[in-house]
Amino acid sequence: LLLLLERLNHAMEAGSTSGQGRGAGRGRARGGGRGRGRGRARAQAPIGAWPGAGNQPAGNQMATAFQRMVDIVERMAGQQDQGRGNNNHNNNQKGEDKALERFQKFQPPKFQGGPNPDEAEGWLDRISDIFAALGYTEERQIVFAVFQFEGAARAWWNVIRAKWEREQTPWTWANFTREFNEKFLPPIVQEQREAEFMRLCQGAQSVAEYETQFTKLARFAPDLVNTEAKRIRRFVQGLNVEIQDALATAQLDTFSQVLEKAQRSERAKSQVRAFRDKKRKQPEPNSGNKLSTQVDGETGGPQSGKVSSQSDLLKPDFEPICGFCESTTHKEAN
């Protein structure tokens with residue numbers, strides 16, 4: 001089509017030039033001729049001309065044809081854009097369906113609301129673990145989470161959604177968990193969880209176990225972890241001192257980097273500790289009985305002294321003496 005338009009454009013320019021030449025020639029012919037046959041010839045439209053173009057000059061006919069071709073190309077381009085838009089919409093819908101299918105494979109629990117805070121906390125923990133494995137965007141996490149609501153929970157979410165749309169609240173997971181906790185967890189439970197988070201330390205836990213507990217309780221104290229820097233600082237403060245020392249000189253910008261570095265340090269220290277324990281349990285070379293004896297005339301090692309009999313080994317290093325005369329031949333009783 002573009003090639004055809006280009007040819008039509010060239011033809012229009014050529015027709016305009018030739019039309020000017022023919023007009024000048026006819027003018028000269030009419031001026032010098034006798035004028036016989038005037039009015040007998042009737043102008044005929046060119047074969048293949050557009051309807052209504054018979055009374056138009058050749059240049060105008062070409063311009064009309066060219067404009068109509070442009071209109072046709074524009075309509076075709078619009079149809080192609082509309083087709084691409086429909087394809088993109090269909091592809092997005094297919095992607096959404098596949099994401100929901102993956103989410104359902106984890107068998108997420110339903111939630112109907114209710115006064116039991118343990119049930120609400122357990123549901124939120126399970127849903128958070130699923131999304132941690134899937135890695136979905138926060139907006140998609142909220143959409144799929146509320147998909148599991150039923151009964152009173154569904155009615156509550158309809159109210160919250162209308163409020164978010166009215167106030168233009170961002171669809172973030174932090175906003176969702178805050179609204180959820182305010183509704184389904186009593187204030188006293190939230191205060192207890194917040195206190196647990198502030199006292200949380202690694203202690204005898206592994207770094208992975210500590211991180212799991214940290215993430216679970218962090219949602220009850222959002223103001224303490226509302227930025228990446230605050231989250232990292234609070235996490236490092238709860239680690240054991242030897243791991244904190246290993247992180248002190250490292251340049252770490254994200255929470256995932258801090259977690260990875262802490263786990264590496266933990267593994268290294270564990271290997272060193274295991275090596276020392278193994279070495280401590282091994283017997284030292286020549287650590288047996290260093291006492292060499294010569295029994296029955298046999299040499300028993302590099303001892304310089306010789307013992308004539310085994311009974312001599314049982315003799316004490318001193319001999320008893322009399323307390324009165326200091327004689328070694330008898331005791332006081334004798």
# chains A, B, ... in the order shown; residues from 1 in each chain; ligands from 1
call {"tool": "residues_around", "arguments": {"residues": "region 219-224 of chain A", "least_positions_apart": "2", "cutoff": "9 Å", "atoms": "only C-alpha atoms", "output": "number ranges by chain"}}
result
A: 174, 177-178, 181, 190-191, 193-195, 197-198, 215-217, 226-227, 230-231, 234
call {"tool": "write_last_selection", "arguments": {"atoms": "C-alpha atoms", "output": "compact mmCIF listing (two decimals), in the first residue's frame"}}
result
# COMPACT_ATOMS: atom_id res chain seq x y z
CA ALA A 174 1.48 -3.06 54.47
CA THR A 177 -2.22 -5.99 56.84
CA ARG A 178 -2.76 -2.83 58.90
CA ASN A 181 -5.10 -6.36 62.04
CA GLN A 190 -1.47 -6.31 68.79
CA GLU A 191 0.29 -4.70 71.76
CA ARG A 193 2.90 -8.92 69.45
CA GLU A 194 4.54 -5.51 69.18
CA ALA A 195 6.26 -6.02 72.54
CA PHE A 197 8.93 -7.91 68.28
CA MET A 198 10.80 -5.25 70.25
CA THR A 215 9.08 -11.22 59.59
CA LYS A 216 6.06 -12.67 61.37
CA LEU A 217 6.10 -10.08 64.17
CA ASN A 226 8.61 1.09 57.30
CA THR A 227 11.88 1.68 55.41
CA LYS A 230 15.02 0.69 59.59
CA ARG A 231 14.26 -2.94 58.82
CA ARG A 234 16.34 -3.67 63.70
call {"tool": "select_by_dssp", "arguments": {"residues": "region 89-147 of chain A", "states": "helix (DSSP H, G or I)", "output": "JSON, numbers by chain"}}
result
{"A": [89, 90, 91, 92, 93, 94, 95, 96, 97, 98, 99, 100, 101, 102, 103, 104, 105, 117, 118, 119, 120, 121, 122, 123, 124, 125, 126, 127, 128, 129, 130, 131, 132, 133, 134, 138, 139, 140, 141, 142, 143, 144, 145, 146]}
call {"tool": "closest_residue", "arguments": {"among": "A:Arg267, A:Arg276, A:Arg102, A:Arg75", "to": "Phe144 (chain A)", "atoms": "only C-alpha atoms"}}
result
A:Arg102
call {"tool": "closest_residue", "arguments": {"among": "A:Gln148, A:Trp157, A:Ile142, A:Phe184", "to": "Thr172 (chain A)", "atoms": "only C-alpha atoms"}}
result
A:Ile142
